[in-house]
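Undergrad: Dropping a structure here in structure tokens format, bear with me for questions.
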Amino acid sequence: MHDHTIAGLAAALERGECSSVELTRAALERIGQAADLNAFITVTPESALAEAEAADAARARGEAGPLTGIPIAHKDIFCTDGVRTSCGSRMLENFVPPYDAFVVEQLRAAGAVSVGKTNMDEFAMGSSNETSYFGAVKTPWDRQAVPGGSSGGSAAAVAAGLVPAATGTDTGGSIRQPAALTGISGLKPTYGRVSRYGIVAFASSLDQAGPMASSAEDLAILLEGMAGFDRRDSTCVDRPVPDYRAQMVGTDLRGLRVGLPREFIEAEGVDAEVSSGIAAAAQALRDAGAEVREISLPNAGMAVPVYYVIAPAEASSNLSRFDGVRYGHRCDAPADLEDLYKRSRGEGFGEEVKRRIMVGTYALSAGYYDAYYHKAQQVRRLVQQDFARAFESVDVIAGPTAPSTAFPLGEKADDPVQMYLSDIFTIAVNLAGLPALSVPAGFGGGRPIGLQLIGNHFDEGRLLGAAHGYQQVTDWHRQRPVVEE
């Protein structure tokens with residue numbers, strides 16, 4: 001059952017061809033067999049089987065929904081009541097939250113079965129899943145290559161068929177980029193569409209939770225289960241959650257206006273295979289009846305430097321709570337309070353997290369705030385305005401998700417700038433708070449290529465419909481890596 005979609009598994013459960021307990025046992029077995037991927041930090045077999053039994057009982061009572069009894073995994077940045085939440089860091093290596101994140105609550109209420117917590121770049125800071133304290137994750141397409149990050153564990157788990165779906169978070173591309181590199185579908189919703197309550201914060205004005213699965217249809221099912229208003233998150237928007245899957249039924253791409261940004265097409269450093277794959281995807285959209293036209297996002301080139309001022313500044317503030325006093329890593333035998341702070345933080349955080357804290361603290365410091373942070377926020381507004389103008393003439397914006405396919409482990413580990421440029425096409429979306437997704441669009445050298453589709457605010461229905469329509473005329477999303485058992 002490992003190659004089935006959520007929709008397919010739900011149908012099989014409804015027909016009585018399998019039980020949730022059977023699906024959950026199969027998922028746990030595959031997780032054990034694929035331990036070399038290092039996709040999971042924590043596996044929870046006992047609670048998973050208990051949840052599966054409850055799901056089977058609910059189905060027997062006629063109370064099942066589309067997610068009832070479906071095994072999923074959560075990125076280890078979501079707080080889970082009674083289950084370790086580490087954020088891939090030594091700082092939270094033994095932290096066990098006393099509550100669930102909103103997303104966990106929602107999916108649990110929908111009947112989904114959580115089998116464990118997936119590996120990730122430390123505190124979601126990374127584009128390769130190599131900064132995790134628990135070791136690097138590998139892509140199931142090539143054990144010598146990265147799966148992308150920071151939601152690399154979730155991406156690898158879905159791509160390898162360990163679970164049909166997983167949660168992720170996207171601050172600058174951390175759902176879409178690993179989805180592209182592992183050949184799955186991943187959605188970053190509009191900022192405020194999904195509550196951030198219970199997500200360990202990286203950059204509060206950019207973080208957004210979203211689903212990762214094998215198809216746009218599955219993303220629609222998951223988003224409907226995850227979204228909703230939450231008074232505990234002041235940035236969560238109070239508006240009804242549409243039936244996203246119903247909006248996709250009979251999706252027709254005829255008349256869909258698709259914009260191809262000149263700045264994406266002409267960007268430097270994009271692999272030729274990626275450019276060819278995106279050109280072929282654009283042609284597939286045309287052949288299906290979409291109107292594809294060139295547009296301009298003139299400030300897109302400023303997105304990366306703007307992001308790497310704003311995100312580290314917010315991270316510097318958010319991560320100041322990890323001080324060795326209340327919870328998290330605490331150094332041994334501190335000499336005094338200052339020694340406690342310095343050594344606890346120095347030992348608890350990895351190099352990339354320290355780098356971003358230092359950059360962010362500098363950008364917020366007296367004498368530099370106006371020159372860096374304030375200026376970055378001004379340019380952020382220009383990026384937002386570019387998208388607003390573009391959506392006056394197009395329905396969705398298309399382009400590559402990442403400039404390359406999965407790169408070898410260690411290739412960019414010592415070059416932070418090159419690593420940061422892995423998110424060159426995704427970061428602007430977070431700065432603007434827009435919804436965007438990545439779907440498979442071919443292969444380069446045997447490694448997946450991702451097509452990014454960007455929508456207007458709270459237009460996830462149209463965005464998912466466009467992705468679903470594309471997947472009706474292509475079969476890239478049905479390709480699976482060979483996972484040794």
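By order in the structure tokens, chains are A, B, ...; within a chain, residues start at 1; ligands start at 1, following the order shown.
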I need the residues of range 288-447 of chain A that end up classed as strand (DSSP E) by DSSP on the backbone, written out as a PDB file with C-alpha atoms, in the first residue's frame.
TA:
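Listing of out.pdb after writing:
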```
ATOM      1  CA  GLU A 291      -2.605  30.969 -21.688  1.00  0.00           C
ATOM      2  CA  VAL A 292       1.076  31.315 -20.784  1.00  0.00           C
ATOM      3  CA  ARG A 293       2.619  34.764 -20.976  1.00  0.00           C
ATOM      4  CA  GLU A 294       5.823  36.444 -19.863  1.00  0.00           C
ATOM      5  CA  ILE A 295       5.591  38.838 -16.908  1.00  0.00           C
ATOM      6  CA  VAL A 396      -1.034  31.965 -11.270  1.00  0.00           C
ATOM      7  CA  ILE A 397       2.706  32.461 -11.655  1.00  0.00           C
ATOM      8  CA  ALA A 398       4.929  29.573 -12.735  1.00  0.00           C
ATOM      9  CA  GLY A 399       8.642  28.898 -12.662  1.00  0.00           C
ATOM     10  CA  PRO A 400      11.292  26.596 -11.229  1.00  0.00           C
ATOM     11  CA  ALA A 436       2.652  28.563  -3.538  1.00  0.00           C
ATOM     12  CA  LEU A 437       3.304  24.919  -4.238  1.00  0.00           C
ATOM     13  CA  SER A 438       5.775  22.649  -5.958  1.00  0.00           C
ATOM     14  CA  VAL A 439       4.855  19.655  -8.091  1.00  0.00           C
ATOM     15  CA  PRO A 440       7.115  17.200  -9.955  1.00  0.00           C
ATOM     16  CA  ALA A 441       7.972  18.290 -13.495  1.00  0.00           C
ATOM     17  CA  GLY A 442      10.548  15.853 -14.806  1.00  0.00           C
ATOM     18  CA  PHE A 443      14.040  14.610 -14.077  1.00  0.00           C
ATOM     19  CA  GLY A 444      17.589  15.783 -14.565  1.00  0.00           C
ATOM     20  CA  ARG A 447      16.885  13.382  -9.934  1.00  0.00           C
TER      21      ARG A 447
END
```
Undergrad: Which of range 121-204 of chain A counts as alpha helix (DSSP H) under DSSP, as a list in words please?
TA: Gly152, Gly153, Ser154, Ala155, Ala156, Ala157, Val158, Ala159, Arg176, Gln177, Pro178, Ala179, Ala180, Leu181 and Thr182 of chain A
Undergrad: Would you save the residues of that selection, restricted to C-alpha atoms, as an mmCIF file, in the first residue's frame?
TA:
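Below you can see out_26.cif, which holds the result:
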```
data_model
loop_
_atom_site.group_PDB
_atom_site.id
_atom_site.type_symbol
_atom_site.label_atom_id
_atom_site.label_comp_id
_atom_site.auth_asym_id
_atom_site.auth_seq_id
_atom_site.Cartn_x
_atom_site.Cartn_y
_atom_site.Cartn_z
ATOM 1 C CA GLY A 152 13.807 17.219 4.335
ATOM 2 C CA GLY A 153 12.761 14.394 6.633
ATOM 3 C CA SER A 154 9.089 14.843 5.751
ATOM 4 C CA ALA A 155 9.927 15.043 2.047
ATOM 5 C CA ALA A 156 12.104 11.927 2.111
ATOM 6 C CA ALA A 157 9.490 9.993 4.103
ATOM 7 C CA VAL A 158 6.755 10.757 1.569
ATOM 8 C CA ALA A 159 8.993 10.212 -1.463
ATOM 9 C CA ARG A 176 8.578 23.574 -1.686
ATOM 10 C CA GLN A 177 12.332 23.155 -2.176
ATOM 11 C CA PRO A 178 12.568 19.682 -0.564
ATOM 12 C CA ALA A 179 9.358 18.695 -2.366
ATOM 13 C CA ALA A 180 11.055 19.610 -5.640
ATOM 14 C CA LEU A 181 14.274 17.768 -4.833
ATOM 15 C CA THR A 182 12.464 14.573 -3.792
#
```
Undergrad: Could you give me, as CSV, a per-residue list for range 286-370 of chain A showing, wherever an atom lies at most 7 Å from an atom of range 250-253 of chain A, the closest pair of atoms and their distance in Å to one decimal, using only C-alpha atoms and sorting by chain then residue number from low to high?
TA:
```
residue,atom,partner,partner_atom,distance
A:Ala288,CA,A:Leu253,CA,5.9
A:Gly289,CA,A:Leu253,CA,5.5
A:Ala290,CA,A:Leu253,CA,5.3
```
Undergrad: Using only C-alpha atoms, which protein or nucleic acid residues come within 9 Å of range 223-236 of chain A? Drop anything in the same chain fewer than 5 positions from it, and give the result as a PyMOL selection string.
TA: chain A and resi 67+102-107+109-110+187+189+191-197+205+209-211+218+241-245
Undergrad: Counting only C-alpha atoms, what are the residues of range 188-250 of chain A within 10 Å of range 6-13 of chain A, and for each of them which pair of atoms is the nearest and at what distance in Å, to one decimal? Sort the table by chain and rising number, as a Markdown table.
TA:
```
| residue | atom | partner | partner_atom | distance |
| --- | --- | --- | --- | --- |
| A:Ala213 | CA | A:Ile6 | CA | 8.3 |
| A:Ser214 | CA | A:Ile6 | CA | 8.6 |
| A:Ser215 | CA | A:Ile6 | CA | 9.0 |
| A:Glu217 | CA | A:Ala7 | CA | 7.7 |
| A:Asp218 | CA | A:Ile6 | CA | 5.8 |
| A:Leu219 | CA | A:Ile6 | CA | 9.2 |
| A:Ile221 | CA | A:Ile6 | CA | 8.1 |
| A:Leu222 | CA | A:Ile6 | CA | 9.0 |
```
Undergrad: Any chance you can output those residues with N, CA and C atoms as a CSV table (one decimal), in the first residue's frame?
TA:
```csv
chain,number,residue,atom,x,y,z
A,213,ALA,N,2.7,15.8,0.2
A,213,ALA,CA,2.1,14.5,-0.2
A,213,ALA,C,2.5,14.2,-1.7
A,214,SER,N,1.9,13.2,-2.3
A,214,SER,CA,2.4,12.8,-3.6
A,214,SER,C,1.6,13.5,-4.7
A,215,SER,N,0.5,14.1,-4.4
A,215,SER,CA,-0.3,14.7,-5.5
A,215,SER,C,-1.0,16.0,-5.0
A,217,GLU,N,-4.2,16.6,-5.3
A,217,GLU,CA,-5.4,16.2,-4.7
A,217,GLU,C,-5.2,15.9,-3.2
A,218,ASP,N,-4.1,15.2,-2.9
A,218,ASP,CA,-3.8,14.9,-1.5
A,218,ASP,C,-3.5,16.2,-0.7
A,219,LEU,N,-2.8,17.2,-1.3
A,219,LEU,CA,-2.6,18.4,-0.7
A,219,LEU,C,-3.9,19.1,-0.3
A,221,ILE,N,-6.8,17.7,0.4
A,221,ILE,CA,-7.4,17.0,1.5
A,221,ILE,C,-6.7,17.4,2.8
A,222,LEU,N,-5.4,17.5,2.8
A,222,LEU,CA,-4.6,17.8,4.0
A,222,LEU,C,-4.8,19.3,4.4
```
Undergrad: For a quick check of understanding, using only C-alpha atoms, which of A:Ala52, A:His457, A:Tyr369, A:Ile265 has the smallest distance to Ala279 in chain A?
TA: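 Ranking A:Ala52, A:His457, A:Tyr369, A:Ile265 by distance to Ala279 in chain A, first place goes to A:Ile265.
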Undergrad: Between CA of Ala201 in chain A and CA of Ile310 in chain A, what is the spacing in Å?
TA: 13.8 Å
Undergrad: Rank A:Ala203, A:Met125, A:Ile424, A:Ala284 by their smallest atom-to-atom distance to Val473 in chain A, using only C-alpha atoms, and report the top residue only.
TA: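 Among the listed residues, the smallest separation from Val473 in chain A belongs to A:Ala284.
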Undergrad: Could you name the residues that touch Pro298 in chain A at 9 Å or less, counting only C-alpha atoms, but leaving out those on the same chain fewer than 6 positions away, as a ChimeraX atom specification?
TA: /A:261-263,383,386
Undergrad: Tell me, as a PyMOL selection string, which residues lie within 8 Å of Cys331 in chain A, counting only C-alpha atoms; anything in the same chain fewer than 6 positions away does not count.
TA: chain A and resi 324+340+343-344+347
Undergrad: Next, dump the selected residues to file, keeping only N, CA and C atoms, as a CSV table (one decimal), in the first residue's frame.
TA:
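The resulting file, selection-v4.csv, is shown below:
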```
chain,number,residue,atom,x,y,z
A,324,GLY,N,18.9,28.2,28.8
A,324,GLY,CA,19.4,27.2,29.8
A,324,GLY,C,18.8,27.3,31.1
A,340,LEU,N,26.3,30.5,32.5
A,340,LEU,CA,25.1,29.6,32.1
A,340,LEU,C,24.6,29.9,30.8
A,343,ARG,N,27.5,29.3,27.8
A,343,ARG,CA,27.8,27.9,27.5
A,343,ARG,C,26.6,27.1,27.1
A,344,SER,N,25.4,27.3,27.7
A,344,SER,CA,24.2,26.6,27.3
A,344,SER,C,23.9,26.9,25.9
A,347,GLU,N,26.7,25.5,23.5
A,347,GLU,CA,26.7,24.0,23.3
A,347,GLU,C,25.4,23.6,22.6
```
